[in-house]
Protein chains: 2
Amino acid sequence: MKLENITRPTLHTALSPSLLHLYDVSSSIVVIIDVLRASSTIANALYNGAKSIIPVDSVAECIKLGRQMDVVTAGERDGKIADGLKYGNTPLQYTREFIKGKTLVLTTTNGTRLLHMALAEGARAIITGSFCNLSAVCDYLIAQNTNVILACAAWKDRVNIEDMLFAGAVISRIKSKFQQDCDAGKISETLYHLAKPDLFGFMRDQQASHYQRLMSYQLEEDIRFCFTTDNANLLTIYEAGRLIAGK
Amino acid sequence: MKLENITRPTLHTALSPSLLHLYDVSSSIVVIIDVLRASSTIANALYNGAKSIIPVDSVAECIKLGRQMDVVTAGERDGKIADGLKYGNTPLQYTREFIKGKTLVLTTTNGTRLLHMALAEGARAIITGSFCNLSAVCDYLIAQNTNVILACAAWKDRVNIEDMLFAGAVISRIKSKFQQDCDAGKISETLYHLAKPDLFGFMRDQQASHYQRLMSYQLEEDIRFCFTTDNANLLTIYEAGRLIAGK
């Protein structure tokens, strides 16, 4: 190993929540990646002025907080608005007119669960990442100079393509500042370079499972939004139980 | 879904032993994939006339069986011959002159452990797969017309490139006979098509972790052997505690 590598922080990619335990979470910044659609919704809501987002594990907890506090409750299960909640996981819904100054309580199938896993394992810091805030994520990771785990939310623990593509996009931008002894990250970057000219078209051509699911709900516009780079470009960081816009 | 799809068996790819539980093992043939090098060694030893191979979990169990029976004991830990064993996990070692008519007791870091997981979860059948016996594996899977899980042994549960490449090779040959709603498989096939013109070169260019590890042990010849298609082309199937050559 070259001397210069020894001092660089590590960069790992966990392709599923079931693989997170393989990495040293407590020494790392964990990036929660749920491209379709939790992390895109989080970026867009905070970008449009939401005060904060409280991620919760269950629909019941979401409803309970909605009764106790002046908040917007939202969440999905299996890609649809959950029973008992009014709003879903469509990033386009969280316009400035709707969400500015409000607190959002959000529960999703995969993303919020992974965030709580990272928290339970003592992550040094937790941020969320999506194409919507790609540059902000990369700038932050480079500035922190700390070990990083790119943690894909996947779909019920099954590896998915879109979260790998985002991990690959981050890796392609930051890898020169890190040590990366991680095949999962290398594969993700290779896929990202293949897909980069047309991310939406790549998802379509691969017949990605989440692409098919969302298209069957007529959510093409959502997918296109979630694959647009830096359209809600701010850092989204978890602090004291809430996701907030980074300084 | 088209009517013709309903009757097709399913095809899933588990990229790590930690992801095997996500799939319905008990209705499936499980293909144990440990390209570098357990499944290549198994194919080559049986191809060269080994009577059977007994896969065991621990070095201690391997040594114990060696004392009780007239067998060749072999195994590696972290890519090197394990303490107390005479032979390792180099497929090239198992020539016809050496192994014909003998029973091999084998323990490896990842492959034998995964095989025992599949067994514990009640797999319908278990075979091993490597580029060395690619055609035999594909012919068998098509003939059985049953659900299939391509199970990658990975490296201490971390996803690796070489096992994905083999999964992709199988998928590219058999997918028309199966339903495949599995992003992990689609990614594997995409990677395989990229890598196919020069599998060894792809591993080198990606700086795959196992490529680097084996090259540092001067095992380039092993890697090249393990990426040669059909050089030990027979079915290797698990029956009554042993891996044997298929009929």
# chains A, B, ... in the order shown; residues from 1 in each chain; ligands from 1
>>> residues_around(residues="Ala82 (chain B)", least_positions_apart="6", cutoff="12 Å", atoms="only C-alpha atoms", output="NGL selection string")
:B and (58-60 or 62-63 or 73-76 or 88-89 or 106-109)
>>> select_by_dssp(residues="region 34-192 of chain B", states="strand (DSSP E)", output="PyMOL selection string")
chain B and resi 52-55+72-77+80-81+103-107+125-129+147-152
>>> write_last_selection(atoms="N, CA and C atoms", output="compact mmCIF listing (two decimals), in the first residue's frame")
# COMPACT_ATOMS: atom_id res chain seq x y z
N SER B 52 -15.80 -38.52 -4.84
CA SER B 52 -16.75 -37.55 -4.30
C SER B 52 -16.00 -36.50 -3.52
N ILE B 53 -16.71 -35.43 -3.19
CA ILE B 53 -16.12 -34.37 -2.37
C ILE B 53 -17.05 -34.13 -1.18
N ILE B 54 -16.48 -34.18 0.02
CA ILE B 54 -17.27 -33.91 1.22
C ILE B 54 -16.96 -32.48 1.67
N PRO B 55 -17.93 -31.58 1.53
CA PRO B 55 -17.67 -30.20 1.97
C PRO B 55 -17.95 -30.08 3.46
N VAL B 72 -8.41 -37.38 0.95
CA VAL B 72 -7.50 -36.24 0.81
C VAL B 72 -8.16 -35.07 1.52
N THR B 73 -7.47 -34.47 2.48
CA THR B 73 -8.05 -33.31 3.17
C THR B 73 -7.46 -32.03 2.61
N ALA B 74 -8.34 -31.07 2.37
CA ALA B 74 -7.89 -29.82 1.76
C ALA B 74 -8.75 -28.66 2.23
N GLY B 75 -8.15 -27.50 2.26
CA GLY B 75 -8.95 -26.34 2.62
C GLY B 75 -8.11 -25.10 2.74
N GLU B 76 -8.77 -23.97 2.67
CA GLU B 76 -8.07 -22.71 2.84
C GLU B 76 -8.85 -21.80 3.77
N ARG B 77 -8.13 -20.91 4.36
CA ARG B 77 -8.71 -19.81 5.12
C ARG B 77 -8.00 -18.54 4.64
N LYS B 80 -5.41 -19.05 1.76
CA LYS B 80 -4.17 -19.84 1.91
C LYS B 80 -4.49 -21.19 2.53
N ILE B 81 -3.61 -22.19 2.28
CA ILE B 81 -3.81 -23.52 2.86
C ILE B 81 -3.95 -23.38 4.38
N THR B 103 -11.45 -39.68 -2.52
CA THR B 103 -12.46 -38.81 -1.91
C THR B 103 -11.74 -37.59 -1.34
N LEU B 104 -12.29 -36.42 -1.63
CA LEU B 104 -11.69 -35.16 -1.17
C LEU B 104 -12.59 -34.58 -0.08
N VAL B 105 -11.99 -34.22 1.06
CA VAL B 105 -12.74 -33.48 2.09
C VAL B 105 -12.26 -32.03 2.02
N LEU B 106 -13.19 -31.11 1.77
CA LEU B 106 -12.81 -29.73 1.44
C LEU B 106 -13.51 -28.72 2.34
N THR B 107 -12.73 -27.79 2.86
CA THR B 107 -13.34 -26.67 3.59
C THR B 107 -12.78 -25.36 3.04
N ALA B 125 -32.69 -28.77 -4.42
CA ALA B 125 -31.47 -29.43 -4.90
C ALA B 125 -30.34 -28.41 -4.79
N ILE B 126 -29.12 -28.92 -4.68
CA ILE B 126 -27.96 -28.02 -4.60
C ILE B 126 -26.92 -28.50 -5.61
N ILE B 127 -26.48 -27.56 -6.44
CA ILE B 127 -25.35 -27.86 -7.33
C ILE B 127 -24.32 -26.75 -7.14
N THR B 128 -23.10 -26.97 -7.62
CA THR B 128 -22.12 -25.89 -7.59
C THR B 128 -21.88 -25.42 -9.01
N GLY B 129 -21.51 -24.14 -9.15
CA GLY B 129 -21.33 -23.58 -10.48
C GLY B 129 -20.08 -22.73 -10.60
N ASN B 147 -37.78 -23.57 -10.02
CA ASN B 147 -37.23 -22.29 -9.55
C ASN B 147 -35.72 -22.41 -9.28
N VAL B 148 -35.00 -21.32 -9.55
CA VAL B 148 -33.55 -21.33 -9.38
C VAL B 148 -33.11 -20.12 -8.57
N ILE B 149 -32.19 -20.34 -7.64
CA ILE B 149 -31.49 -19.25 -6.97
C ILE B 149 -30.01 -19.38 -7.27
N LEU B 150 -29.46 -18.34 -7.91
CA LEU B 150 -28.02 -18.30 -8.15
C LEU B 150 -27.42 -17.64 -6.91
N ALA B 151 -26.72 -18.43 -6.10
CA ALA B 151 -26.29 -17.96 -4.78
C ALA B 151 -24.78 -17.70 -4.78
N CYS B 152 -24.42 -16.44 -4.68
CA CYS B 152 -23.00 -16.08 -4.70
C CYS B 152 -22.39 -16.24 -3.31
>>> closest_atom_pairs(of="chain B", to="chain A", cutoff="12 Å", atoms="only C-alpha atoms", output="JSON lines")
{"residue": "B:Met1", "atom": "CA", "partner": "A:Gln212", "partner_atom": "CA", "distance": 11.9}
{"residue": "B:His12", "atom": "CA", "partner": "A:Arg158", "partner_atom": "CA", "distance": 10.3}
{"residue": "B:Thr13", "atom": "CA", "partner": "A:Val159", "partner_atom": "CA", "distance": 9.7}
{"residue": "B:Ala14", "atom": "CA", "partner": "A:Arg158", "partner_atom": "CA", "distance": 8.5}
{"residue": "B:Leu15", "atom": "CA", "partner": "A:Val159", "partner_atom": "CA", "distance": 8.4}
{"residue": "B:Ser16", "atom": "CA", "partner": "A:Leu19", "partner_atom": "CA", "distance": 8.5}
{"residue": "B:Pro17", "atom": "CA", "partner": "A:Leu19", "partner_atom": "CA", "distance": 9.8}
{"residue": "B:Ser18", "atom": "CA", "partner": "A:Ser18", "partner_atom": "CA", "distance": 6.6}
{"residue": "B:Leu19", "atom": "CA", "partner": "A:Ser18", "partner_atom": "CA", "distance": 6.8}
{"residue": "B:Leu20", "atom": "CA", "partner": "A:Arg158", "partner_atom": "CA", "distance": 9.9}
{"residue": "B:His21", "atom": "CA", "partner": "A:Asp157", "partner_atom": "CA", "distance": 10.1}
{"residue": "B:Leu22", "atom": "CA", "partner": "A:Arg158", "partner_atom": "CA", "distance": 7.3}
{"residue": "B:Tyr23", "atom": "CA", "partner": "A:Arg158", "partner_atom": "CA", "distance": 9.3}
{"residue": "B:Ala154", "atom": "CA", "partner": "A:Asp183", "partner_atom": "CA", "distance": 9.9}
{"residue": "B:Trp155", "atom": "CA", "partner": "A:Asp183", "partner_atom": "CA", "distance": 9.9}
{"residue": "B:Lys156", "atom": "CA", "partner": "A:Leu22", "partner_atom": "CA", "distance": 8.5}
{"residue": "B:Asp157", "atom": "CA", "partner": "A:Leu22", "partner_atom": "CA", "distance": 7.5}
{"residue": "B:Arg158", "atom": "CA", "partner": "A:Leu22", "partner_atom": "CA", "distance": 7.3}
{"residue": "B:Val159", "atom": "CA", "partner": "A:Ala184", "partner_atom": "CA", "distance": 5.8}
{"residue": "B:Asn160", "atom": "CA", "partner": "A:Asp183", "partner_atom": "CA", "distance": 5.3}
{"residue": "B:Ile161", "atom": "CA", "partner": "A:Asp183", "partner_atom": "CA", "distance": 6.0}
{"residue": "B:Glu162", "atom": "CA", "partner": "A:Asp183", "partner_atom": "CA", "distance": 9.4}
{"residue": "B:Asp163", "atom": "CA", "partner": "A:Asp183", "partner_atom": "CA", "distance": 11.0}
{"residue": "B:Met164", "atom": "CA", "partner": "A:Ile187", "partner_atom": "CA", "distance": 9.7}
{"residue": "B:Leu165", "atom": "CA", "partner": "A:Ile187", "partner_atom": "CA", "distance": 10.7}
{"residue": "B:Gln180", "atom": "CA", "partner": "A:Ser209", "partner_atom": "CA", "distance": 9.8}
{"residue": "B:Asp181", "atom": "CA", "partner": "A:Ser209", "partner_atom": "CA", "distance": 6.5}
{"residue": "B:Cys182", "atom": "CA", "partner": "A:Ser209", "partner_atom": "CA", "distance": 6.8}
{"residue": "B:Asp183", "atom": "CA", "partner": "A:Asn160", "partner_atom": "CA", "distance": 5.3}
{"residue": "B:Ala184", "atom": "CA", "partner": "A:Val159", "partner_atom": "CA", "distance": 5.8}
{"residue": "B:Gly185", "atom": "CA", "partner": "A:Val159", "partner_atom": "CA", "distance": 9.5}
{"residue": "B:Lys186", "atom": "CA", "partner": "A:Gln206", "partner_atom": "CA", "distance": 6.6}
{"residue": "B:Ile187", "atom": "CA", "partner": "A:Ile161", "partner_atom": "CA", "distance": 7.2}
{"residue": "B:Ser188", "atom": "CA", "partner": "A:Ile187", "partner_atom": "CA", "distance": 9.5}
{"residue": "B:Glu189", "atom": "CA", "partner": "A:Gln206", "partner_atom": "CA", "distance": 9.9}
{"residue": "B:Thr190", "atom": "CA", "partner": "A:Leu191", "partner_atom": "CA", "distance": 8.3}
{"residue": "B:Leu191", "atom": "CA", "partner": "A:Leu191", "partner_atom": "CA", "distance": 7.7}
{"residue": "B:Tyr192", "atom": "CA", "partner": "A:Ile187", "partner_atom": "CA", "distance": 11.2}
{"residue": "B:His193", "atom": "CA", "partner": "A:Leu191", "partner_atom": "CA", "distance": 11.9}
{"residue": "B:Leu194", "atom": "CA", "partner": "A:Thr190", "partner_atom": "CA", "distance": 9.6}
{"residue": "B:Ala195", "atom": "CA", "partner": "A:Thr190", "partner_atom": "CA", "distance": 11.0}
{"residue": "B:Phe202", "atom": "CA", "partner": "A:Thr190", "partner_atom": "CA", "distance": 10.9}
{"residue": "B:Met203", "atom": "CA", "partner": "A:Asp183", "partner_atom": "CA", "distance": 10.1}
{"residue": "B:Arg204", "atom": "CA", "partner": "A:Lys186", "partner_atom": "CA", "distance": 11.9}
{"residue": "B:Asp205", "atom": "CA", "partner": "A:Lys186", "partner_atom": "CA", "distance": 10.2}
{"residue": "B:Gln206", "atom": "CA", "partner": "A:Lys186", "partner_atom": "CA", "distance": 6.6}
{"residue": "B:Gln207", "atom": "CA", "partner": "A:Lys186", "partner_atom": "CA", "distance": 8.2}
{"residue": "B:Ala208", "atom": "CA", "partner": "A:Asp183", "partner_atom": "CA", "distance": 5.9}
{"residue": "B:Ser209", "atom": "CA", "partner": "A:Asp183", "partner_atom": "CA", "distance": 6.3}
{"residue": "B:His210", "atom": "CA", "partner": "A:Asp183", "partner_atom": "CA", "distance": 8.9}
{"residue": "B:Tyr211", "atom": "CA", "partner": "A:Asp183", "partner_atom": "CA", "distance": 10.4}
{"residue": "B:Gln212", "atom": "CA", "partner": "A:Asp181", "partner_atom": "CA", "distance": 9.9}
{"residue": "B:Arg213", "atom": "CA", "partner": "A:Asp181", "partner_atom": "CA", "distance": 10.9}
{"residue": "B:Ser216", "atom": "CA", "partner": "A:Met1", "partner_atom": "CA", "distance": 11.9}
>>> residues_around(residues="region 131-135 of chain A", least_positions_apart="6", cutoff="7 Å", atoms="only C-alpha atoms", output="PDB file with N, CA, C and O atoms, in the first residue's frame")
ATOM      1  N   SER A  40     -35.116  11.406  -2.450  1.00  0.00           N
ATOM      2  CA  SER A  40     -35.442  12.498  -3.384  1.00  0.00           C
ATOM      3  C   SER A  40     -36.527  13.398  -2.785  1.00  0.00           C
ATOM      4  O   SER A  40     -36.472  14.629  -2.910  1.00  0.00           O
ATOM      5  N   ALA A  43     -34.908  15.528  -0.038  1.00  0.00           N
ATOM      6  CA  ALA A  43     -34.138  16.649  -0.603  1.00  0.00           C
ATOM      7  C   ALA A  43     -35.075  17.745  -1.098  1.00  0.00           C
ATOM      8  O   ALA A  43     -34.862  18.933  -0.826  1.00  0.00           O
ATOM      9  N   PHE A 166     -26.788   5.622  -7.963  1.00  0.00           N
ATOM     10  CA  PHE A 166     -26.435   6.823  -7.207  1.00  0.00           C
ATOM     11  C   PHE A 166     -25.116   6.618  -6.454  1.00  0.00           C
ATOM     12  O   PHE A 166     -24.257   7.497  -6.432  1.00  0.00           O
ATOM     13  N   CYS A 226     -36.561  12.169 -10.046  1.00  0.00           N
ATOM     14  CA  CYS A 226     -35.570  11.529  -9.160  1.00  0.00           C
ATOM     15  C   CYS A 226     -34.233  11.258  -9.863  1.00  0.00           C
ATOM     16  O   CYS A 226     -33.230  11.004  -9.193  1.00  0.00           O
ATOM     17  N   PHE A 227     -34.233  11.273 -11.180  1.00  0.00           N
ATOM     18  CA  PHE A 227     -32.976  11.066 -11.918  1.00  0.00           C
ATOM     19  C   PHE A 227     -32.422  12.364 -12.502  1.00  0.00           C
ATOM     20  O   PHE A 227     -31.591  12.322 -13.412  1.00  0.00           O
ATOM     21  N   THR A 228     -32.897  13.497 -11.991  1.00  0.00           N
ATOM     22  CA  THR A 228     -32.364  14.784 -12.442  1.00  0.00           C
ATOM     23  C   THR A 228     -31.332  15.263 -11.418  1.00  0.00           C
ATOM     24  O   THR A 228     -31.619  15.355 -10.231  1.00  0.00           O
ATOM     25  N   THR A 229     -30.142  15.537 -11.907  1.00  0.00           N
ATOM     26  CA  THR A 229     -29.043  15.869 -10.996  1.00  0.00           C
ATOM     27  C   THR A 229     -29.165  17.299 -10.456  1.00  0.00           C
ATOM     28  O   THR A 229     -29.383  18.234 -11.222  1.00  0.00           O
ATOM     29  N   ASP A 230     -29.046  17.427  -9.152  1.00  0.00           N
ATOM     30  CA  ASP A 230     -28.931  18.729  -8.465  1.00  0.00           C
ATOM     31  C   ASP A 230     -30.155  19.633  -8.614  1.00  0.00           C
ATOM     32  O   ASP A 230     -30.030  20.859  -8.541  1.00  0.00           O
ATOM     33  N   ASN A 231     -31.325  19.054  -8.780  1.00  0.00           N
ATOM     34  CA  ASN A 231     -32.526  19.900  -8.862  1.00  0.00           C
ATOM     35  C   ASN A 231     -33.065  20.294  -7.475  1.00  0.00           C
ATOM     36  O   ASN A 231     -34.029  21.043  -7.377  1.00  0.00           O
ATOM     37  N   ALA A 232     -32.442  19.776  -6.430  1.00  0.00           N
ATOM     38  CA  ALA A 232     -32.786  20.215  -5.069  1.00  0.00           C
ATOM     39  C   ALA A 232     -31.488  20.114  -4.269  1.00  0.00           C
ATOM     40  O   ALA A 232     -31.368  19.354  -3.307  1.00  0.00           O
ATOM     41  N   ASN A 233     -30.518  20.893  -4.687  1.00  0.00           N
ATOM     42  CA  ASN A 233     -29.141  20.652  -4.250  1.00  0.00           C
ATOM     43  C   ASN A 233     -28.783  21.300  -2.916  1.00  0.00           C
ATOM     44  O   ASN A 233     -28.201  22.373  -2.865  1.00  0.00           O
ATOM     45  N   LEU A 234     -29.148  20.605  -1.868  1.00  0.00           N
ATOM     46  CA  LEU A 234     -28.685  21.029  -0.544  1.00  0.00           C
ATOM     47  C   LEU A 234     -28.407  19.784   0.293  1.00  0.00           C
ATOM     48  O   LEU A 234     -28.916  18.701  -0.003  1.00  0.00           O
ATOM     49  N   LEU A 235     -27.580  19.975   1.315  1.00  0.00           N
ATOM     50  CA  LEU A 235     -27.242  18.865   2.197  1.00  0.00           C
ATOM     51  C   LEU A 235     -28.416  18.565   3.125  1.00  0.00           C
ATOM     52  O   LEU A 235     -29.010  19.478   3.694  1.00  0.00           O
TER      53      LEU A 235
END
>>> atom_distance(atom1="CA of Ser130 (chain A)", atom2="CA of Arg8 (chain A)")
24.5 Å
>>> residues_around(residues="Lys100 (chain A)", least_positions_apart="5", cutoff="10 Å", atoms="only C-alpha atoms", output="number ranges by chain")
A: 45-52, 94-95
>>> write_last_selection(atoms="C-alpha atoms", output="mmCIF file, in the first residue's frame")
data_model
loop_
_atom_site.group_PDB
_atom_site.id
_atom_site.type_symbol
_atom_site.label_atom_id
_atom_site.label_comp_id
_atom_site.auth_asym_id
_atom_site.auth_seq_id
_atom_site.Cartn_x
_atom_site.Cartn_y
_atom_site.Cartn_z
ATOM 1 C CA ALA A 45 -39.055 19.090 0.747
ATOM 2 C CA LEU A 46 -36.084 20.634 2.568
ATOM 3 C CA TYR A 47 -34.991 22.496 -0.561
ATOM 4 C CA ASN A 48 -38.448 24.014 -0.764
ATOM 5 C CA GLY A 49 -38.249 25.278 2.787
ATOM 6 C CA ALA A 50 -39.630 22.516 5.030
ATOM 7 C CA LYS A 51 -38.468 23.274 8.583
ATOM 8 C CA SER A 52 -37.508 19.664 9.247
ATOM 9 C CA TYR A 94 -43.615 19.016 -1.845
ATOM 10 C CA THR A 95 -43.664 22.388 -3.599
#
>>> select_by_dssp(residues="region 2-53 of chain B", states="helix (DSSP H, G or I)", output="JSON, numbers by chain")
{"B": [3, 4, 5, 6, 17, 18, 19, 20, 21, 22, 25, 26, 27, 38, 39, 40, 41, 42, 43, 44, 45, 46, 47]}
>>> atom_distance(atom1="CA of Arg224 (chain B)", atom2="CA of Ile33 (chain B)")
16.8 Å
>>> atom_distance(atom1="CA of Asp57 (chain A)", atom2="CA of Ile223 (chain A)")
23.8 Å
>>> residues_around(residues="Arg173 (chain A)", least_positions_apart="3", cutoff="10 Å", atoms="only C-alpha atoms", output="count of residues only")
11
